[in-house]
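**Student:** Sharing my_file.cif below, mmCIF, C-alpha atoms:
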data_final
loop_
_atom_site.label_atom_id
_atom_site.label_comp_id
_atom_site.auth_asym_id
_atom_site.auth_seq_id
_atom_site.Cartn_x
_atom_site.Cartn_y
_atom_site.Cartn_z
CA MET A 1 42.11 -55.51 -92.55
CA THR A 2 44.63 -57.62 -94.49
CA ALA A 3 45.79 -55.98 -97.69
CA LEU A 4 44.76 -57.86 -100.81
CA LYS A 5 47.58 -58.67 -103.19
CA VAL A 6 47.23 -57.63 -106.81
CA LEU A 7 49.54 -58.52 -109.68
CA VAL A 8 49.68 -56.09 -112.61
CA VAL A 9 51.29 -57.64 -115.70
CA GLU A 10 51.93 -54.98 -118.37
CA ASP A 11 54.96 -54.19 -120.53
CA SER A 12 54.19 -50.48 -120.83
CA PRO A 13 55.36 -48.52 -117.77
CA THR A 14 52.84 -45.79 -118.60
CA MET A 15 49.94 -48.24 -118.50
CA ARG A 16 51.30 -49.95 -115.39
CA GLN A 17 51.47 -46.64 -113.62
CA LEU A 18 47.94 -45.75 -114.71
CA ILE A 19 46.55 -49.09 -113.51
CA VAL A 20 48.38 -48.86 -110.18
CA PHE A 21 47.16 -45.27 -109.80
CA ALA A 22 43.57 -46.44 -110.36
CA LEU A 23 43.85 -49.42 -108.00
CA LYS A 24 45.22 -47.29 -105.19
CA ARG A 25 41.99 -45.32 -105.24
CA ILE A 26 39.93 -48.34 -104.16
CA ARG A 27 41.85 -49.43 -101.08
CA ASN A 28 45.29 -50.17 -99.79
CA PHE A 29 46.14 -53.01 -102.14
CA GLN A 30 49.54 -54.58 -102.06
CA ILE A 31 50.45 -54.18 -105.72
CA VAL A 32 53.21 -56.10 -107.47
CA GLU A 33 54.20 -55.22 -111.05
CA ALA A 34 55.48 -57.53 -113.78
CA ASN A 35 56.84 -56.63 -117.25
CA ASP A 36 55.59 -59.68 -119.16
CA GLY A 37 53.99 -63.09 -118.82
CA VAL A 38 57.15 -64.88 -117.70
CA ASP A 39 57.88 -62.24 -115.07
CA GLY A 40 54.23 -62.51 -114.02
CA LEU A 41 54.41 -66.32 -113.62
CA LYS A 42 57.59 -65.98 -111.58
CA LYS A 43 55.88 -63.57 -109.22
CA LEU A 44 52.74 -65.71 -109.03
CA SER A 45 54.77 -68.72 -107.94
CA ALA A 46 56.63 -66.71 -105.30
CA GLU A 47 53.52 -65.51 -103.46
CA LYS A 48 49.73 -65.85 -103.49
CA PHE A 49 47.71 -63.12 -105.20
CA ASP A 50 44.03 -62.22 -104.86
CA LEU A 51 43.65 -60.53 -108.26
CA ILE A 52 45.54 -60.45 -111.56
CA LEU A 53 45.38 -57.71 -114.19
CA THR A 54 47.18 -58.42 -117.42
CA ASP A 55 47.75 -57.02 -120.87
CA ILE A 56 47.61 -59.34 -123.90
CA ASN A 57 50.31 -58.05 -126.24
CA MET A 58 53.57 -58.39 -124.35
CA PRO A 59 57.06 -59.60 -125.25
CA ILE A 60 58.37 -63.05 -124.22
CA MET A 61 54.97 -64.37 -123.05
CA ASP A 62 51.64 -62.80 -123.92
CA GLY A 63 48.67 -62.36 -121.63
CA LEU A 64 46.58 -65.20 -123.09
CA LYS A 65 49.34 -67.73 -122.50
CA LEU A 66 49.68 -66.38 -118.98
CA VAL A 67 45.93 -66.77 -118.36
CA SER A 68 45.90 -70.35 -119.58
CA MET A 69 48.95 -71.25 -117.44
CA VAL A 70 47.50 -69.55 -114.40
CA ARG A 71 44.22 -71.43 -114.76
CA ASN A 72 46.13 -74.74 -114.92
CA ASP A 73 47.68 -73.98 -111.53
CA PRO A 74 45.44 -75.40 -108.74
CA ASN A 75 46.35 -72.40 -106.54
CA TYR A 76 44.90 -69.98 -109.07
CA LYS A 77 41.78 -71.80 -110.32
CA THR A 78 39.43 -69.18 -108.93
CA VAL A 79 41.54 -66.02 -108.64
CA PRO A 80 39.90 -63.25 -110.71
CA ILE A 81 41.80 -62.28 -113.85
CA ILE A 82 41.16 -59.00 -115.69
CA ILE A 83 42.48 -58.50 -119.20
CA ILE A 84 43.31 -54.93 -120.25
CA THR A 85 44.13 -54.73 -123.93
CA THR A 86 44.02 -52.80 -127.18
CA GLU A 87 42.43 -55.84 -128.90
CA GLY A 88 38.79 -54.84 -129.23
CA ALA A 89 37.49 -57.60 -131.52
CA ALA A 90 34.74 -59.86 -130.19
CA GLU A 91 36.70 -63.02 -131.00
CA ASP A 92 39.68 -61.80 -128.92
CA ARG A 93 37.33 -61.17 -126.00
CA ASP A 94 35.69 -64.59 -126.38
CA ARG A 95 39.04 -66.33 -126.57
CA ALA A 96 40.30 -64.61 -123.41
CA LEU A 97 37.12 -65.39 -121.51
CA ALA A 98 37.17 -69.01 -122.73
CA LEU A 99 40.72 -69.39 -121.41
CA GLY A 100 39.53 -68.35 -117.97
CA ALA A 101 39.71 -64.56 -117.75
CA ASN A 102 36.89 -63.04 -115.70
CA ALA A 103 36.73 -59.61 -117.32
CA TYR A 104 37.93 -57.96 -120.50
CA ILE A 105 38.63 -54.22 -120.67
CA THR A 106 39.72 -52.51 -123.87
CA LYS A 107 42.13 -49.58 -124.11
CA PRO A 108 42.11 -46.64 -123.99
CA ILE A 109 41.08 -47.33 -120.42
CA GLN A 110 38.78 -45.37 -118.19
CA THR A 111 39.94 -45.67 -114.58
CA ILE A 112 36.30 -45.93 -113.45
CA GLN A 113 35.92 -49.01 -115.60
CA ILE A 114 38.87 -50.67 -113.86
CA LEU A 115 37.54 -49.66 -110.45
CA ASP A 116 34.04 -51.00 -111.15
CA THR A 117 35.38 -54.29 -112.51
CA VAL A 118 37.76 -54.82 -109.59
CA LYS A 119 35.02 -54.02 -107.08
CA ARG A 120 32.63 -56.40 -108.82
CA LEU A 121 35.10 -59.29 -108.94
CA LEU A 122 36.29 -58.84 -105.36
CA ASN A 123 32.75 -58.28 -104.05
CA PHE A 124 33.41 -54.86 -102.50
CA MET B 125 -88.94 -70.16 -57.04
CA THR B 126 -87.76 -72.04 -53.97
CA GLN B 127 -85.63 -70.68 -51.14
CA SER B 128 -82.75 -72.81 -52.19
CA ASP B 129 -83.06 -71.40 -55.65
CA ASP B 130 -82.94 -67.91 -54.18
CA LYS B 131 -79.82 -68.72 -52.22
CA SER B 132 -78.07 -70.20 -55.16
CA GLY B 133 -79.05 -67.16 -57.21
CA LEU B 134 -77.59 -64.84 -54.53
CA ASN B 135 -74.45 -66.87 -54.39
CA ARG B 136 -74.10 -66.70 -58.12
CA ALA B 137 -74.62 -62.94 -58.02
CA ASP B 138 -72.01 -62.65 -55.26
CA ASP B 139 -69.70 -64.78 -57.30
CA PHE B 140 -70.35 -62.66 -60.31
CA LEU B 141 -69.80 -59.50 -58.26
CA GLN B 142 -66.66 -60.96 -56.87
CA LEU B 143 -65.54 -61.90 -60.33
CA PHE B 144 -66.51 -58.49 -61.64
CA LYS B 145 -64.60 -56.82 -58.80
CA LYS B 146 -61.63 -58.97 -59.51
CA GLY B 147 -61.97 -58.14 -63.17
CA ALA B 148 -62.23 -54.47 -62.27
CA GLU B 149 -59.20 -54.73 -59.99
CA PHE B 150 -57.29 -56.60 -62.66
CA THR B 151 -58.27 -53.98 -65.19
CA GLN B 152 -57.12 -51.28 -62.73
CA ASP B 153 -53.87 -53.10 -62.26
CA LEU B 154 -53.47 -53.44 -66.00
CA LEU B 155 -54.15 -49.76 -66.51
CA LYS B 156 -51.67 -48.89 -63.76
CA GLU B 157 -49.12 -51.24 -65.26
CA ASN B 158 -49.80 -49.78 -68.65
CA GLU B 159 -49.39 -46.28 -67.25
CA ARG B 160 -46.19 -47.32 -65.49
CA LEU B 161 -44.81 -48.93 -68.61
CA ARG B 162 -45.71 -45.95 -70.76
CA PHE B 163 -44.00 -43.74 -68.21
CA ARG B 164 -40.99 -46.02 -68.34
CA ILE B 165 -40.96 -45.96 -72.11
CA VAL B 166 -41.08 -42.19 -72.10
CA LYS B 167 -38.27 -42.14 -69.57
CA LEU B 168 -36.27 -44.61 -71.57
CA GLU B 169 -36.84 -42.64 -74.72
CA GLU B 170 -35.74 -39.49 -72.95
CA SER B 171 -32.65 -41.17 -71.58
CA LEU B 172 -31.92 -42.63 -74.99
CA LYS B 173 -32.32 -39.23 -76.54
CA GLU B 174 -30.05 -37.75 -73.90
CA ARG B 175 -27.53 -40.50 -74.40
CA ASP B 176 -27.67 -40.08 -78.18
CA LEU B 177 -27.20 -36.41 -77.75
CA VAL B 178 -24.21 -36.79 -75.43
CA GLY B 179 -22.76 -39.73 -77.43
CA GLY B 180 -23.27 -37.92 -80.75
CA THR B 181 -21.31 -34.93 -79.55
CA ALA B 182 -18.53 -37.20 -78.39
CA LEU B 183 -18.64 -38.97 -81.70
CA SER B 184 -18.52 -35.77 -83.68
CA GLN B 185 -15.65 -34.51 -81.48
CA ASP B 186 -13.74 -37.74 -82.15
CA SER B 187 -14.51 -37.51 -85.84
CA ALA B 188 -13.36 -33.91 -85.95
CA ARG B 189 -10.18 -34.83 -84.11
CA LEU B 190 -9.60 -37.74 -86.44
CA LEU B 191 -10.34 -35.65 -89.50
CA LYS B 192 -7.88 -33.04 -88.26
CA LYS B 193 -5.33 -35.73 -87.66
CA ILE B 194 -5.90 -37.14 -91.14
CA GLU B 195 -5.48 -33.67 -92.60
CA GLU B 196 -2.26 -33.18 -90.64
CA LEU B 197 -1.01 -36.57 -91.75
CA GLU B 198 -1.93 -35.83 -95.33
CA GLN B 199 0.03 -32.58 -95.11
CA GLU B 200 2.93 -34.40 -93.51
CA LYS B 201 2.75 -37.05 -96.25
CA ALA B 202 2.78 -34.38 -98.95
CA GLU B 203 5.72 -32.73 -97.22
CA ILE B 204 7.61 -36.04 -96.94
CA LEU B 205 6.85 -36.87 -100.55
CA GLY B 206 8.15 -33.44 -101.51
CA ARG B 207 11.30 -34.06 -99.48
CA VAL B 208 11.73 -37.51 -101.07
CA ARG B 209 11.32 -35.92 -104.50
CA ARG B 210 13.86 -33.24 -103.67
CA ALA B 211 16.21 -35.91 -102.24
CA GLU B 212 15.82 -37.97 -105.41
CA GLU B 213 16.58 -34.91 -107.53
CA GLU B 214 19.61 -34.19 -105.36
CA ASN B 215 20.65 -37.83 -105.68
CA GLN B 216 20.40 -37.58 -109.44
CA ASP B 217 22.47 -34.39 -109.31
CA PHE B 218 25.02 -36.11 -107.10
CA ALA B 219 25.12 -39.12 -109.43
CA ASN B 220 25.67 -36.83 -112.43
CA ARG B 221 28.28 -34.89 -110.51
CA TYR B 222 29.95 -38.15 -109.48
CA VAL B 223 30.21 -39.21 -113.11
CA GLU B 224 31.61 -35.79 -114.04
CA ILE B 225 34.14 -35.93 -111.20
CA GLU B 226 35.14 -39.46 -112.16
CA GLU B 227 35.66 -38.30 -115.74
CA GLU B 228 37.72 -35.38 -114.46
CA ASN B 229 39.68 -37.74 -112.21
CA ASN B 230 40.27 -40.04 -115.13
CA MET B 231 41.42 -37.11 -117.24
CA LEU B 232 43.72 -35.75 -114.52
CA ALA B 233 45.16 -39.21 -113.84
CA ASN B 234 45.88 -39.67 -117.54
CA LEU B 235 47.44 -36.23 -117.82
CA TYR B 236 49.48 -36.66 -114.66
CA ILE B 237 50.82 -40.04 -115.72
CA ALA B 238 51.52 -38.93 -119.28
CA SER B 239 53.37 -35.87 -118.04
CA TYR B 240 55.21 -37.85 -115.35
CA GLN B 241 56.32 -40.48 -117.85
CA LEU B 242 57.41 -37.95 -120.48
CA HIS B 243 59.72 -36.26 -117.99
CA SER B 244 60.90 -39.45 -116.28
CA THR B 245 63.89 -39.93 -118.58
CA LEU B 246 66.44 -38.07 -120.65
CA ASP B 247 67.00 -40.97 -122.98
CA PHE B 248 65.76 -39.99 -126.47
CA LYS B 249 64.66 -43.54 -127.40
CA GLU B 250 62.76 -43.93 -124.15
CA VAL B 251 61.04 -40.57 -124.66
CA THR B 252 59.87 -41.55 -128.15
CA GLN B 253 58.69 -44.92 -126.77
CA ILE B 254 56.72 -43.13 -124.04
CA ILE B 255 55.10 -40.85 -126.65
CA LEU B 256 54.04 -43.94 -128.62
CA GLU B 257 52.68 -45.59 -125.45
CA ILE B 258 50.64 -42.52 -124.59
CA VAL B 259 49.15 -42.30 -128.06
CA ILE B 260 48.30 -46.04 -128.10
CA ASN B 261 47.14 -46.55 -124.55
CA LEU B 262 45.70 -43.23 -123.50
CA ILE B 263 44.39 -41.87 -126.79
CA GLY B 264 43.61 -45.18 -128.49
CA ALA B 265 45.36 -44.81 -131.85
CA GLU B 266 46.30 -47.89 -133.87
CA GLU B 267 48.31 -46.41 -136.75
CA PHE B 268 50.33 -43.28 -136.22
CA GLY B 269 53.78 -41.79 -136.50
CA LEU B 270 56.11 -39.25 -134.96
CA LEU B 271 57.94 -36.86 -137.31
CA LEU B 272 60.66 -34.51 -136.12
CA LEU B 273 61.86 -31.35 -137.82
CA ASP B 274 65.32 -31.42 -139.35
CA GLU B 275 66.46 -27.83 -138.88
CA LYS B 276 69.03 -28.12 -141.68
CA THR B 277 66.63 -29.28 -144.41
CA ASN B 278 63.48 -27.71 -142.85
CA LYS B 279 61.78 -31.06 -143.42
CA LEU B 280 59.82 -33.30 -141.09
CA GLU B 281 61.40 -36.76 -140.93
CA PRO B 282 59.68 -39.86 -139.49
CA ILE B 283 61.51 -41.22 -136.46
CA ALA B 284 59.00 -43.61 -134.83
CA CYS B 285 55.66 -45.21 -135.62
CA GLU B 286 53.11 -47.80 -134.49
CA GLY B 287 51.01 -50.09 -136.67
CA LEU B 288 52.99 -49.02 -139.76
CA GLU B 289 56.43 -49.39 -141.28
CA LEU B 290 58.63 -46.34 -140.74
CA GLY B 291 59.37 -46.33 -144.46
CA GLN B 292 55.69 -45.79 -145.24
CA LEU B 293 55.68 -42.41 -143.57
CA PRO B 294 56.56 -39.43 -145.76
CA SER B 295 59.19 -36.73 -145.31
CA VAL B 296 57.25 -33.50 -145.44
CA GLY B 297 58.43 -29.94 -146.00
CA VAL B 298 57.22 -27.28 -143.58
CA GLY B 299 54.19 -25.58 -145.16
CA SER B 300 53.58 -28.43 -147.57
CA GLY B 301 50.21 -30.22 -147.43
CA ILE B 302 48.13 -30.81 -144.33
CA ILE B 303 51.07 -31.96 -142.18
CA GLY B 304 53.34 -29.12 -143.30
CA ASP B 305 50.59 -26.53 -142.86
CA SER B 306 49.81 -27.77 -139.37
CA VAL B 307 53.49 -27.52 -138.43
CA LYS B 308 53.83 -24.09 -140.00
CA SER B 309 50.75 -22.70 -138.25
CA GLY B 310 51.35 -24.62 -135.03
CA GLU B 311 47.63 -25.50 -134.97
CA ASN B 312 46.24 -28.99 -134.37
CA PHE B 313 44.47 -30.50 -137.35
CA PHE B 314 41.47 -32.86 -137.14
CA THR B 315 39.81 -34.32 -140.20
CA GLU B 316 36.20 -33.22 -140.63
CA SER B 317 34.69 -36.69 -140.81
CA MET B 318 36.36 -39.53 -138.93
CA GLU B 319 33.86 -42.12 -140.20
CA GLY B 320 34.59 -41.90 -143.88
CA TYR B 321 38.33 -41.35 -143.48
CA GLN B 322 40.57 -43.39 -145.77
CA ARG B 323 44.24 -43.67 -144.85
CA ASP B 324 46.41 -41.28 -146.84
CA PHE B 325 49.94 -40.75 -145.53
CA LEU B 326 50.00 -37.14 -146.65
CA ASN B 327 46.51 -36.44 -145.27
CA PRO B 328 46.31 -37.89 -141.75
CA MET B 329 43.12 -37.75 -139.67
CA VAL B 330 44.97 -35.89 -136.91
CA CYS B 331 48.12 -33.71 -136.79
CA ILE B 332 49.45 -32.56 -133.43
CA PRO B 333 52.43 -30.21 -133.79
CA LEU B 334 54.94 -30.51 -130.93
CA LYS B 335 55.75 -26.97 -129.81
CA ILE B 336 58.05 -25.28 -127.35
CA LYS B 337 56.30 -21.94 -127.05
CA GLU B 338 55.91 -20.99 -130.73
CA HIS B 339 58.80 -23.10 -131.95
CA VAL B 340 57.60 -26.33 -133.58
CA ILE B 341 60.01 -29.26 -133.33
CA GLY B 342 57.88 -32.07 -134.79
CA VAL B 343 54.44 -33.53 -135.28
CA ILE B 344 52.37 -36.56 -134.33
CA VAL B 345 50.28 -37.83 -137.23
CA ILE B 346 47.41 -40.30 -136.65
CA TYR B 347 45.96 -42.46 -139.43
CA LYS B 348 43.76 -44.95 -137.62
CA LEU B 349 42.10 -45.35 -134.23
CA LEU B 350 41.54 -48.63 -132.37
CA THR B 351 38.32 -50.45 -133.43
CA GLN B 352 36.63 -49.68 -130.12
CA LYS B 353 37.60 -45.99 -130.27
CA GLU B 354 34.83 -44.30 -132.21
CA LYS B 355 35.57 -40.65 -131.53
CA PHE B 356 37.74 -38.32 -129.50
CA THR B 357 36.58 -37.25 -126.06
CA SER B 358 37.44 -34.17 -124.01
CA VAL B 359 40.29 -36.05 -122.31
CA ASP B 360 41.82 -36.77 -125.73
CA TYR B 361 41.91 -33.07 -126.60
CA GLU B 362 43.55 -32.40 -123.21
CA LEU B 363 46.08 -35.13 -123.95
CA PHE B 364 46.76 -33.63 -127.36
CA SER B 365 47.43 -30.26 -125.70
CA LEU B 366 49.69 -31.95 -123.16
CA LEU B 367 51.55 -33.86 -125.85
CA ALA B 368 51.97 -30.71 -127.91
CA GLY B 369 53.85 -29.05 -125.04
CA HIS B 370 55.32 -31.76 -122.80
CA ALA B 371 56.30 -34.22 -125.52
CA ALA B 372 58.06 -31.37 -127.32
CA THR B 373 60.14 -30.37 -124.28
CA ALA B 374 60.83 -34.02 -123.44
CA VAL B 375 62.01 -34.75 -126.99
CA PHE B 376 64.03 -31.52 -127.15
CA SER B 377 65.75 -31.97 -123.79
CA SER B 378 66.49 -35.66 -124.35
CA ARG B 379 68.00 -34.83 -127.75
CA LEU B 380 70.14 -32.10 -126.23
CA TYR B 381 71.17 -34.41 -123.42
CA SER B 382 72.07 -37.22 -125.84
CA GLU B 383 74.10 -34.79 -127.97
CA SER B 384 75.86 -33.31 -124.95
CA GLU B 385 76.60 -36.80 -123.65
CA ARG B 386 78.06 -37.72 -127.02
CA LYS B 387 80.13 -34.52 -127.14
CA LEU B 388 81.22 -35.02 -123.56
CA SER B 389 82.45 -38.52 -124.24
CA THR B 390 84.28 -37.29 -127.38
CA ILE B 391 85.94 -34.47 -125.44
CA GLN B 392 86.71 -36.85 -122.57
CA GLY B 393 88.29 -39.25 -125.05
CA PHE B 394 90.30 -36.41 -126.54
CA ILE B 395 91.46 -35.24 -123.12
CA ASP B 396 92.38 -38.79 -122.17
CA LEU B 397 94.39 -39.08 -125.37
CA LEU B 398 96.24 -35.83 -124.64
CA THR B 399 96.96 -36.57 -121.01
CA LYS B 400 98.19 -40.12 -121.49
#
Could I get this file's structure written as structure tokens?

**Tutor:**
Amino acid sequence: MTALKVLVVEDSPTMRQLIVFALKRIRNFQIVEANDGVDGLKKLSAEKFDLILTDINMPIMDGLKLVSMVRNDPNYKTVPIIIITTEGAAEDRDRALALGANAYITKPIQTIQILDTVKRLLNF
Amino acid sequence: MTQSDDKSGLNRADDFLQLFKKGAEFTQDLLKENERLRFRIVKLEESLKERDLVGGTALSQDSARLLKKIEELEQEKAEILGRVRRAEEENQDFANRYVEIEEENNMLANLYIASYQLHSTLDFKEVTQIILEIVINLIGAEEFGLLLLDEKTNKLEPIACEGLELGQLPSVGVGSGIIGDSVKSGENFFTESMEGYQRDFLNPMVCIPLKIKEHVIGVIVIYKLLTQKEKFTSVDYELFSLLAGHAATAVFSSRLYSESERKLSTIQGFIDLLTK
């Protein structure tokens, strides 16, 4: 079975580690980490990913900008994007989903929530 | 009467006799046939009765067998339904257990990562940043601060915060107010009602003293939770316990390390000056 590639874009190393820890419980994903939106875009252009998880509030380039840029790239029109953020307001959620995110998870995160969302979006 | 008349009369009598005989024979035949048919009917009735008798027994045996089979099947059905019910109950138990285990897993993952991160560096700034990250991302606080004890003044001084300006946080004497009392006693403080809480810098909703054994070195004070965070869960209390111990040792050791590094570089500079 070919390993699916997942990009985790998050400025907090603690959160990155927690997300990676959760993802490793599902299957043997090939996980690549990025510190911010710009780093994320660089990594997205270097190789093809099957799933993107991103925070919103990050330095240099935030998650929403990243989502909108990713959706403008023909290679990433349909790749599932999951937002993981502290922003719990309905308008933030709507904005993220309107830009092209497929799921919106608010912090503090429950690993089971990440697992369920990833499984749902990747049809496991 | 003429002779011819006599003859014709005899002939007619013969004819009549013949006819009568034939009628008698026919009647005899009919009687015999009737007798034969009656005998046949009786026989048929007997055979029918016999057949009914034999067939009825067979039928009742079949019915009994079928009834027994139905009874067995009914019992089997009841047994299967019982098993299905038990399996469903077990499934429900497993589902509940699964949720509990997932919650435990979630809690252990959070604790492991928090602990791992806290001890991943000896840089004081990084340690304070990690404490802030844990409180934001794992506990779900929006406005909070970290105060450390100044041993010389015996006062708690703010050194880092999130969602606030550092200048907004108070310096608090040990034993003074809710924060000072919590530090003095070493006990966590949680406000009684989270719903009606109004931010007051001297009266936070949560105080978590950072302790190394019984020695308190600082305190985390929380003033506001994220909108989606309505209340604390069991994992939060575990994280508070972890922060109380691990954050304290991480802060203490990183401070010592930073000081020793600073002293080392001073001494090294002094030695270099002397030896040159």

**Student:** Give the answer as one residue: which of A:Ala96, A:Ile105, A:Leu44, A:Val79 has the shortest atom-to-atom distance to Asp62 in chain A, using all atoms listed in the file?

**Tutor:**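 When distances to Asp62 in chain A are compared using all atoms listed in the file, the smallest one comes from A:Ala96.
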
**Student:** Would you list the contacts of Met69 in chain A as a PDB file with C-alpha atoms, in the coordinates of the input, taking every protein, DNA or RNA residue within 10 Å and counting all atoms listed in the file, but skipping same-chain residues closer than 5 positions in sequence?

**Tutor:**
ATOM      1  CA  GLY A  37      53.990 -63.090-118.820  1.00  0.00           C
ATOM      2  CA  LEU A  41      54.410 -66.320-113.620  1.00  0.00           C
ATOM      3  CA  GLY A  63      48.670 -62.360-121.630  1.00  0.00           C
ATOM      4  CA  LEU A  64      46.580 -65.200-123.090  1.00  0.00           C
ATOM      5  CA  TYR A  76      44.900 -69.980-109.070  1.00  0.00           C
ATOM      6  CA  LEU A  99      40.720 -69.390-121.410  1.00  0.00           C
ATOM      7  CA  GLY A 100      39.530 -68.350-117.970  1.00  0.00           C
TER       8      GLY A 100
END

**Student:** Using all atoms listed in the file for the distances, tell me which of A:Thr2, A:Thr54, A:Gln17, A:Gln30 is nearest to chain B.

**Tutor:**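 Closest residue, counting all atoms listed in the file: A:Gln17.
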
**Student:** Might you spell out which residues the PyMOL selection byres ((chain A) within 7 of (chain B)) would select in the displayed file, as a ChimeraX atom specification?

**Tutor:** /A:12,14-15,17-18,88,107-112

**Student:** One number please: CA of Leu367 in chain B to CA of Pro333 in chain B, in Å, one decimal.

**Tutor:**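 Separating CA of Leu367 in chain B from CA of Pro333 in chain B is a distance of 8.8 Å.
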
**Student:** Report as lines of an AutoDock Vina configuration file the centre and the edge lengths, in Å to one decimal, of the axis-aligned box holding every listed atom of range 62-76 of chain A, padded by 5 Å on each side.

**Tutor:**
center_x = 47.9
center_y = -68.9
center_z = -115.2
size_x = 17.4
size_y = 23.0
size_z = 27.4

**Student:** When the PyMOL selection byres ((chain B and resi 301-306) around 9) is applied to the file above, which residues end up in the set, as a list in words?

**Tutor:**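 When the PyMOL selection byres ((chain B and resi 301-306) around 9) is applied, the selected residues are Lys279, Leu280, Val296, Gly297, Val298, Gly299, Ser300, Val307, Lys308, Ser309, Gly310, Glu311, Asn312, Phe313, Leu326, Asn327, Pro328, Val330, Cys331, Ile332, Pro333, Val343 and Val345 of chain B.
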
**Student:** I need the chosen residues saved as a PDB file, in the coordinates of the input, with C-alpha atoms.

**Tutor:**
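Result written to selection_27.pdb:
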ATOM      1  CA  LYS B 279      61.780 -31.060-143.420  1.00  0.00           C
ATOM      2  CA  LEU B 280      59.820 -33.300-141.090  1.00  0.00           C
ATOM      3  CA  VAL B 296      57.250 -33.500-145.440  1.00  0.00           C
ATOM      4  CA  GLY B 297      58.430 -29.940-146.000  1.00  0.00           C
ATOM      5  CA  VAL B 298      57.220 -27.280-143.580  1.00  0.00           C
ATOM      6  CA  GLY B 299      54.190 -25.580-145.160  1.00  0.00           C
ATOM      7  CA  SER B 300      53.580 -28.430-147.570  1.00  0.00           C
ATOM      8  CA  VAL B 307      53.490 -27.520-138.430  1.00  0.00           C
ATOM      9  CA  LYS B 308      53.830 -24.090-140.000  1.00  0.00           C
ATOM     10  CA  SER B 309      50.750 -22.700-138.250  1.00  0.00           C
ATOM     11  CA  GLY B 310      51.350 -24.620-135.030  1.00  0.00           C
ATOM     12  CA  GLU B 311      47.630 -25.500-134.970  1.00  0.00           C
ATOM     13  CA  ASN B 312      46.240 -28.990-134.370  1.00  0.00           C
ATOM     14  CA  PHE B 313      44.470 -30.500-137.350  1.00  0.00           C
ATOM     15  CA  LEU B 326      50.000 -37.140-146.650  1.00  0.00           C
ATOM     16  CA  ASN B 327      46.510 -36.440-145.270  1.00  0.00           C
ATOM     17  CA  PRO B 328      46.310 -37.890-141.750  1.00  0.00           C
ATOM     18  CA  VAL B 330      44.970 -35.890-136.910  1.00  0.00           C
ATOM     19  CA  CYS B 331      48.120 -33.710-136.790  1.00  0.00           C
ATOM     20  CA  ILE B 332      49.450 -32.560-133.430  1.00  0.00           C
ATOM     21  CA  PRO B 333      52.430 -30.210-133.790  1.00  0.00           C
ATOM     22  CA  VAL B 343      54.440 -33.530-135.280  1.00  0.00           C
ATOM     23  CA  VAL B 345      50.280 -37.830-137.230  1.00  0.00           C
TER      24      VAL B 345
END

**Student:** CA of Glu286 in chain B and CA of Gln113 in chain A are how many Å apart?

**Tutor:** 25.6 Å

**Student:** Work out how far CA of Ile84 in chain A is from CA of Leu290 in chain B, in Å to one decimal.

**Tutor:**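 Result for CA of Leu290 in chain B versus CA of Ile84 in chain A: 27.0 Å, one decimal.
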
**Student:** What does the PyMOL selection byres ((chain A and resi 50-52) around 8) select in this file, as a ChimeraX atom specification?

**Tutor:** /A:4-9,48-49,53-54,79-82

**Student:** Name the closest residue to Lys77 in chain A among the candidates A:Ala46, A:Val118, A:Val20, A:Ala101; distances are taken between atoms, counting only C-alpha atoms.

**Tutor:**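 That would be A:Ala101, the residue with the smallest distance to Lys77 in chain A.
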
**Student:** A:Met61, A:Ile56, A:Leu66, A:Leu23: which is nearest Tyr104 in chain A, counting all atoms listed in the file?

**Tutor:**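 So, comparing all the options, the nearest one is A:Ile56.
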
**Student:** Using the partial input, fill out range 358-366 of chain B with N, CA and C atoms; write the result as a compact mmCIF listing (two decimals), keeping the file's coordinate frame.

**Tutor:**
# COMPACT_ATOMS: atom_id res chain seq x y z
N SER B 358 36.78 -35.38 -124.54
CA SER B 358 37.44 -34.17 -124.01
C SER B 358 38.84 -34.49 -123.48
N VAL B 359 38.98 -35.69 -122.86
CA VAL B 359 40.29 -36.05 -122.31
C VAL B 359 41.34 -36.19 -123.44
N ASP B 360 40.89 -36.63 -124.61
CA ASP B 360 41.82 -36.77 -125.73
C ASP B 360 42.37 -35.40 -126.16
N TYR B 361 41.46 -34.41 -126.21
CA TYR B 361 41.91 -33.07 -126.60
C TYR B 361 42.88 -32.50 -125.57
N GLU B 362 42.62 -32.83 -124.27
CA GLU B 362 43.55 -32.40 -123.21
C GLU B 362 44.90 -33.09 -123.39
N LEU B 363 44.83 -34.38 -123.74
CA LEU B 363 46.08 -35.13 -123.95
C LEU B 363 46.84 -34.60 -125.15
N PHE B 364 46.11 -34.21 -126.18
CA PHE B 364 46.76 -33.63 -127.36
C PHE B 364 47.48 -32.34 -126.97
N SER B 365 46.81 -31.52 -126.16
CA SER B 365 47.43 -30.26 -125.70
C SER B 365 48.68 -30.56 -124.88
N LEU B 366 48.54 -31.58 -123.99
CA LEU B 366 49.69 -31.95 -123.16
C LEU B 366 50.84 -32.46 -124.00
